[in-house]
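Novice: First the structure, which I've put down as structure tokens, then a few questions once you've had a look.
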Amino acid sequence: EAKHKGKSAYSRFTPEMTEISHERLQMESYMRKAMELGEFELYFQPIIDTHSGKLVSAEALLRWNNLALGMVMPDRFIPLAEETGLIIPIGEWVIQEACKAARNWQTLTGNPIGVAVNVSPRQFRDPGFTDAVMRALDASGLSAELLELEITERLILDNSIETADILRKLDRSGIRLTVDDFGTGYSALSYLKSYPFDTLKIDKSFIQDVLTENDDASLVRAIITMAHSLGLKVVAEGVEAEAQTHFLKEEHCDYSQGYFYSTPLPEQDFIQWLDTNERAST
Ligand code: C2E
Ligand code: MG
Ligand code: MG
Ligand code: MG
């Protein structure tokens, strides 16, 4: 017992720490019931062709509506979902729902609209992952080319044969693969030539100050040039102002995403947005 080891050992446990672990336990127990209570919801944020201004796809972003906690944002609960392994059933649900939604948009608009889904490392490494993805495609009837999986550089850092195999298997099935938060992962760039990625998504921290910070502008330019010479498409995330879209157009950035176009929307609002957007652009 810490108590019997004297004051120094005991005082390492501050009241704040007790509170934090209590909050974690509380959140974990709520999260275990969240699926069956139907507390998870997908929001969708438009991804726009920078040049034509037309919608090409949407990113699915998870929200957790809990009675006691209110609306919980992913940065607050995804890490815990990863630690506990709950990300595996939750992530499977996300992929199923995202595929169903995208198939529905195609039915409603007559246009193929892609959907991008975030995949965390623990989920990706689960042996059932690729089968779960294929089942979601089958069940929804969505064509594989319309599903995009977003993976962070963190995952690639492990450099394992399994990671490479899974990426190749997904690529062969026609699914698009995107490096999310590109530029923040401190990883060697060499993985870009050995792994079958289709797209780099430039982290919003670079886009934020692209008009005021020369260094950020240089980095964004360099990333776009490099990506294109490797045959990759580029998405800029966190686009909030019209002036940023002019910069991105000039620099030939393929796609843009951010509050300037739309915040992430609940599915029904996204469908409404599709309708308005389509009428505005025809
Ligand atoms: P991310 O994949 O990089 O997603 C982009 C985040 O930037 C989203 O935050 C989005 O709401 C926010 N964002 C979009 N446009 C703008 C903008 O113009 N300005 C600013 N400041 N922010 C913008 P969100 O929804 O809170 O998600 C945070 C992170 O949580 C995501 O980052 C992703 O890593 C993770 N995440 C979200 N949904 C899922 C999921 O279903 N599964 C997994 N594994 N991770 C998820
Ligand atoms: Mg993402
Ligand atoms: Mg590919
Ligand atoms: Mg990102």
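Ordering of the structure tokens sets the chain letters (A, B, ...), residue numbers begin anew at 1 in every chain, and ligands are numbered from 1 in the order given.
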Taking the DSSP secondary structure from the backbone, can you list the residues of segment 30-238 of chain A that are strand (DSSP E), as an MDAnalysis selection string?
Specialist: chainID A and resid 40:49 55:66 70:72 114:118 147:152 176:182 199:202 233:237
Novice: Just want the residues within 9 Å of ligand 1, written as a ChimeraX atom specification, counting only C-alpha atoms and all ligand atoms.
Specialist: /A:42-45,59-63,73-79,81-82,87,90-91,93-95,117-123,150-152,180-181,201,203-205,208,237-241,257-264
Novice: Give the helix (DSSP H, G or I) residues of segment 72-249 of chain A, as DSSP finds them on the backbone, and put them as number ranges by chain.
Specialist: A: 74-84, 87-109, 121-125, 129-140, 144-146, 153-156, 161-172, 191-194, 204-208, 214-229, 242-249
Novice: Write a file of the selected residues as a CSV table (one decimal), in the first residue's frame, keeping C-alpha atoms.
Specialist:
```csv
chain,number,residue,atom,x,y,z
A,74,PRO,CA,-13.7,12.3,-31.4
A,75,ASP,CA,-10.5,13.8,-30.0
A,76,ARG,CA,-12.0,13.1,-26.5
A,77,PHE,CA,-13.2,9.5,-27.0
A,78,ILE,CA,-11.3,7.9,-29.9
A,79,PRO,CA,-8.1,7.5,-27.8
A,80,LEU,CA,-10.0,5.7,-25.1
A,81,ALA,CA,-11.9,3.6,-27.7
A,82,GLU,CA,-8.5,2.6,-29.1
A,83,GLU,CA,-7.0,1.7,-25.7
A,84,THR,CA,-10.0,-0.4,-24.8
A,87,ILE,CA,-12.7,1.0,-31.6
A,88,ILE,CA,-13.0,-2.3,-33.4
A,89,PRO,CA,-16.9,-2.7,-33.2
A,90,ILE,CA,-17.3,1.1,-33.4
A,91,GLY,CA,-15.1,1.4,-36.4
A,92,GLU,CA,-16.9,-1.5,-38.1
A,93,TRP,CA,-20.2,0.4,-37.5
A,94,VAL,CA,-18.7,3.6,-39.0
A,95,ILE,CA,-17.6,1.8,-42.2
A,96,GLN,CA,-21.0,0.2,-42.6
A,97,GLU,CA,-22.9,3.4,-42.0
A,98,ALA,CA,-20.6,5.4,-44.2
A,99,CYS,CA,-21.0,3.0,-47.1
A,100,LYS,CA,-24.8,2.9,-46.8
A,101,ALA,CA,-24.9,6.7,-46.7
A,102,ALA,CA,-22.8,7.1,-49.8
A,103,ARG,CA,-24.8,4.5,-51.7
A,104,ASN,CA,-27.9,6.5,-50.7
A,105,TRP,CA,-26.5,9.8,-52.0
A,106,GLN,CA,-25.8,8.1,-55.3
A,107,THR,CA,-29.5,7.0,-55.5
A,108,LEU,CA,-30.7,10.5,-54.5
A,109,THR,CA,-28.5,12.5,-56.9
A,121,PRO,CA,-4.1,1.9,-36.1
A,122,ARG,CA,-5.7,-0.6,-33.7
A,123,GLN,CA,-8.6,-1.1,-36.0
A,124,PHE,CA,-6.4,-1.4,-39.0
A,125,ARG,CA,-4.3,-4.1,-37.3
A,129,PHE,CA,-10.4,-5.6,-40.6
A,130,THR,CA,-10.3,-6.2,-44.4
A,131,ASP,CA,-13.1,-8.7,-44.2
A,132,ALA,CA,-15.2,-6.2,-42.3
A,133,VAL,CA,-14.5,-3.6,-45.0
A,134,MET,CA,-15.5,-6.0,-47.8
A,135,ARG,CA,-18.7,-7.0,-46.0
A,136,ALA,CA,-19.6,-3.3,-45.6
A,137,LEU,CA,-19.2,-2.8,-49.4
A,138,ASP,CA,-21.2,-5.9,-50.2
A,139,ALA,CA,-24.0,-5.1,-47.8
A,140,SER,CA,-24.4,-1.5,-49.1
A,144,ALA,CA,-15.1,0.0,-53.9
A,145,GLU,CA,-13.8,3.0,-55.8
A,146,LEU,CA,-16.1,5.3,-53.9
A,153,GLU,CA,1.5,8.4,-40.8
A,154,ARG,CA,1.6,7.0,-37.3
A,155,LEU,CA,0.4,3.7,-38.7
A,156,ILE,CA,3.0,3.6,-41.4
A,161,ILE,CA,5.1,-6.5,-43.5
A,162,GLU,CA,1.5,-6.9,-42.3
A,163,THR,CA,0.8,-3.2,-42.8
A,164,ALA,CA,2.1,-3.3,-46.3
A,165,ASP,CA,0.1,-6.5,-47.1
A,166,ILE,CA,-3.1,-5.0,-45.8
A,167,LEU,CA,-2.6,-1.8,-47.8
A,168,ARG,CA,-1.9,-3.8,-50.9
A,169,LYS,CA,-5.0,-6.0,-50.5
A,170,LEU,CA,-7.2,-3.0,-50.0
A,171,ASP,CA,-5.6,-1.2,-53.0
A,172,ARG,CA,-6.2,-4.3,-55.2
A,191,TYR,CA,7.0,4.9,-47.6
A,192,LEU,CA,5.2,6.9,-50.3
A,193,LYS,CA,6.9,5.0,-53.0
A,194,SER,CA,6.5,1.6,-51.5
A,204,LYS,CA,-4.9,21.8,-41.4
A,205,SER,CA,-2.0,23.3,-39.4
A,206,PHE,CA,-0.2,24.1,-42.7
A,207,ILE,CA,-3.3,25.5,-44.4
A,208,GLN,CA,-4.3,27.7,-41.5
A,214,ASN,CA,5.9,32.1,-46.0
A,215,ASP,CA,7.2,28.8,-44.6
A,216,ASP,CA,3.8,27.3,-44.6
A,217,ALA,CA,3.2,28.4,-48.1
A,218,SER,CA,6.5,26.9,-49.2
A,219,LEU,CA,5.7,23.6,-47.5
A,220,VAL,CA,2.3,23.4,-49.0
A,221,ARG,CA,3.7,24.1,-52.5
A,222,ALA,CA,6.4,21.5,-52.0
A,223,ILE,CA,4.0,18.8,-50.8
A,224,ILE,CA,1.7,19.4,-53.8
A,225,THR,CA,4.6,19.2,-56.3
A,226,MET,CA,6.0,16.1,-54.7
A,227,ALA,CA,2.6,14.4,-54.5
A,228,HIS,CA,1.8,15.1,-58.1
A,229,SER,CA,5.2,13.9,-59.3
A,242,GLU,CA,-11.9,32.3,-49.7
A,243,ALA,CA,-8.4,33.7,-50.1
A,244,GLN,CA,-7.0,30.2,-49.2
A,245,THR,CA,-9.0,28.7,-52.1
A,246,HIS,CA,-7.3,31.1,-54.5
A,247,PHE,CA,-3.9,30.1,-53.2
A,248,LEU,CA,-4.8,26.4,-53.5
A,249,LYS,CA,-6.1,26.9,-57.0
```
Novice: Around ligand 3, which protein and nucleic acid residues have at least one atom no more than 7 Å from it, if we count only C-alpha atoms and all ligand atoms? List them as a PDB file with all heavy atoms, in the first residue's frame.
Specialist:
```pdb
ATOM      1  N   ASP A 171      -5.878  -1.917 -51.696  1.00  0.00           N
ATOM      2  CA  ASP A 171      -5.631  -1.230 -52.968  1.00  0.00           C
ATOM      3  C   ASP A 171      -6.100  -2.083 -54.143  1.00  0.00           C
ATOM      4  O   ASP A 171      -6.749  -1.585 -55.067  1.00  0.00           O
ATOM      5  CB  ASP A 171      -4.136  -0.906 -53.082  1.00  0.00           C
ATOM      6  CG  ASP A 171      -3.797  -0.271 -54.415  1.00  0.00           C
ATOM      7  OD1 ASP A 171      -4.390   0.781 -54.721  1.00  0.00           O
ATOM      8  OD2 ASP A 171      -2.973  -0.831 -55.157  1.00  0.00           O
ATOM      9  N   GLY A 174      -9.662  -1.973 -55.081  1.00  0.00           N
ATOM     10  CA  GLY A 174     -10.164  -0.742 -55.691  1.00  0.00           C
ATOM     11  C   GLY A 174     -10.419   0.385 -54.714  1.00  0.00           C
ATOM     12  O   GLY A 174     -10.703   1.518 -55.111  1.00  0.00           O
ATOM     13  N   ILE A 175     -10.318   0.093 -53.435  1.00  0.00           N
ATOM     14  CA  ILE A 175     -10.525   1.112 -52.396  1.00  0.00           C
ATOM     15  C   ILE A 175      -9.404   2.139 -52.470  1.00  0.00           C
ATOM     16  O   ILE A 175      -8.263   1.808 -52.756  1.00  0.00           O
ATOM     17  CB  ILE A 175     -10.558   0.418 -51.002  1.00  0.00           C
ATOM     18  CG1 ILE A 175     -11.818  -0.439 -50.885  1.00  0.00           C
ATOM     19  CG2 ILE A 175     -10.463   1.426 -49.870  1.00  0.00           C
ATOM     20  CD1 ILE A 175     -11.787  -1.412 -49.723  1.00  0.00           C
ATOM     21  N   ARG A 176      -9.748   3.428 -52.241  1.00  0.00           N
ATOM     22  CA  ARG A 176      -8.738   4.495 -52.250  1.00  0.00           C
ATOM     23  C   ARG A 176      -8.089   4.615 -50.877  1.00  0.00           C
ATOM     24  O   ARG A 176      -8.769   4.462 -49.848  1.00  0.00           O
ATOM     25  CB  ARG A 176      -9.380   5.837 -52.587  1.00  0.00           C
ATOM     26  CG  ARG A 176     -10.346   5.795 -53.738  1.00  0.00           C
ATOM     27  CD  ARG A 176      -9.648   5.999 -55.048  1.00  0.00           C
ATOM     28  NE  ARG A 176     -10.606   5.773 -56.116  1.00  0.00           N
ATOM     29  CZ  ARG A 176     -10.294   5.667 -57.387  1.00  0.00           C
ATOM     30  NH1 ARG A 176      -9.040   5.756 -57.766  1.00  0.00           N
ATOM     31  NH2 ARG A 176     -11.216   5.470 -58.297  1.00  0.00           N
ATOM     32  N   LEU A 177      -6.819   4.926 -50.884  1.00  0.00           N
ATOM     33  CA  LEU A 177      -6.083   5.054 -49.628  1.00  0.00           C
ATOM     34  C   LEU A 177      -5.473   6.446 -49.510  1.00  0.00           C
ATOM     35  O   LEU A 177      -4.793   6.919 -50.426  1.00  0.00           O
ATOM     36  CB  LEU A 177      -4.981   3.999 -49.569  1.00  0.00           C
ATOM     37  CG  LEU A 177      -5.464   2.541 -49.634  1.00  0.00           C
ATOM     38  CD1 LEU A 177      -4.289   1.595 -49.826  1.00  0.00           C
ATOM     39  CD2 LEU A 177      -6.245   2.182 -48.362  1.00  0.00           C
ATOM     40  N   PRO A 196       0.760   1.725 -51.555  1.00  0.00           N
ATOM     41  CA  PRO A 196      -0.133   2.135 -52.669  1.00  0.00           C
ATOM     42  C   PRO A 196      -1.111   3.261 -52.328  1.00  0.00           C
ATOM     43  O   PRO A 196      -2.311   3.114 -52.525  1.00  0.00           O
ATOM     44  CB  PRO A 196      -0.875   0.824 -52.976  1.00  0.00           C
ATOM     45  CG  PRO A 196      -0.969   0.145 -51.646  1.00  0.00           C
ATOM     46  CD  PRO A 196       0.322   0.464 -50.932  1.00  0.00           C
ATOM     47  N   PHE A 197      -0.614   4.376 -51.812  1.00  0.00           N
ATOM     48  CA  PHE A 197      -1.523   5.481 -51.506  1.00  0.00           C
ATOM     49  C   PHE A 197      -1.968   6.210 -52.773  1.00  0.00           C
ATOM     50  O   PHE A 197      -1.242   6.242 -53.765  1.00  0.00           O
ATOM     51  CB  PHE A 197      -0.868   6.463 -50.531  1.00  0.00           C
ATOM     52  CG  PHE A 197      -0.848   5.928 -49.135  1.00  0.00           C
ATOM     53  CD1 PHE A 197       0.316   5.433 -48.581  1.00  0.00           C
ATOM     54  CD2 PHE A 197      -2.021   5.890 -48.382  1.00  0.00           C
ATOM     55  CE1 PHE A 197       0.325   4.906 -47.297  1.00  0.00           C
ATOM     56  CE2 PHE A 197      -2.025   5.361 -47.101  1.00  0.00           C
ATOM     57  CZ  PHE A 197      -0.844   4.871 -46.553  1.00  0.00           C
ATOM     58  N   ASP A 198      -3.181   6.746 -52.708  1.00  0.00           N
ATOM     59  CA  ASP A 198      -3.740   7.506 -53.822  1.00  0.00           C
ATOM     60  C   ASP A 198      -3.703   8.999 -53.552  1.00  0.00           C
ATOM     61  O   ASP A 198      -3.653   9.801 -54.476  1.00  0.00           O
ATOM     62  CB  ASP A 198      -5.214   7.106 -54.038  1.00  0.00           C
ATOM     63  CG  ASP A 198      -5.354   5.634 -54.343  1.00  0.00           C
ATOM     64  OD1 ASP A 198      -4.990   5.236 -55.459  1.00  0.00           O
ATOM     65  OD2 ASP A 198      -5.786   4.878 -53.446  1.00  0.00           O
TER      66      ASP A 198
END
```
Novice: To one decimal place in Å, what is the distance between atom CA of Leu232 of chain A and atom CA of Tyr255 of chain A?
Specialist: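 Distance between the two atoms: 11.7 Å.
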Novice: In terms of the shortest atom-to-atom distance over only C-alpha atoms, which of A:Ala58, A:Gly141, A:Tyr30, A:Leu69 is closest to Leu86 of chain A?
Specialist: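 Closest to Leu86 of chain A, using only C-alpha atoms: A:Tyr30.
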Novice: Of the residues A:Pro266, A:Pro127, A:Gly85, A:Gly183, which is the one nearest to ligand 4, using only C-alpha atoms and all ligand atoms?
Specialist: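 Answer, going by the shortest atom-to-atom distance: A:Gly183.
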Novice: Atom CA of Val235 of chain A and atom CA of Ile47 of chain A, how far apart in Å?
Specialist: 8.2 Å
Novice: Please determine, counting only C-alpha atoms, which residue among A:Asn111, A:Ser21, A:Ser52, A:Asn66 has the shortest atom-to-atom distance to Leu274 of chain A.
Specialist: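 Among the listed residues, the smallest separation from Leu274 of chain A belongs to A:Asn111.
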Novice: For ligand 2, which residue out of A:Asn65, A:Asn277, A:Thr199, A:Thr178 is the nearest one, using only C-alpha atoms and all ligand atoms?
Specialist: A:Thr178
Novice: Using only C-alpha atoms and all ligand atoms, which residue out of A:Leu149, A:Leu37, A:Ile113, A:Leu25 lies closest to ligand 2?
Specialist: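 Nearest candidate to ligand 2 out of A:Leu149, A:Leu37, A:Ile113, A:Leu25: A:Leu149.
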Novice: Pick out the closest residue to ligand 4 from this set: A:Glu148, A:Ile271, A:Leu189, A:Thr184. Count only C-alpha atoms and all ligand atoms.
Specialist: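 Of all the options, A:Thr184 lies closest to ligand 4.
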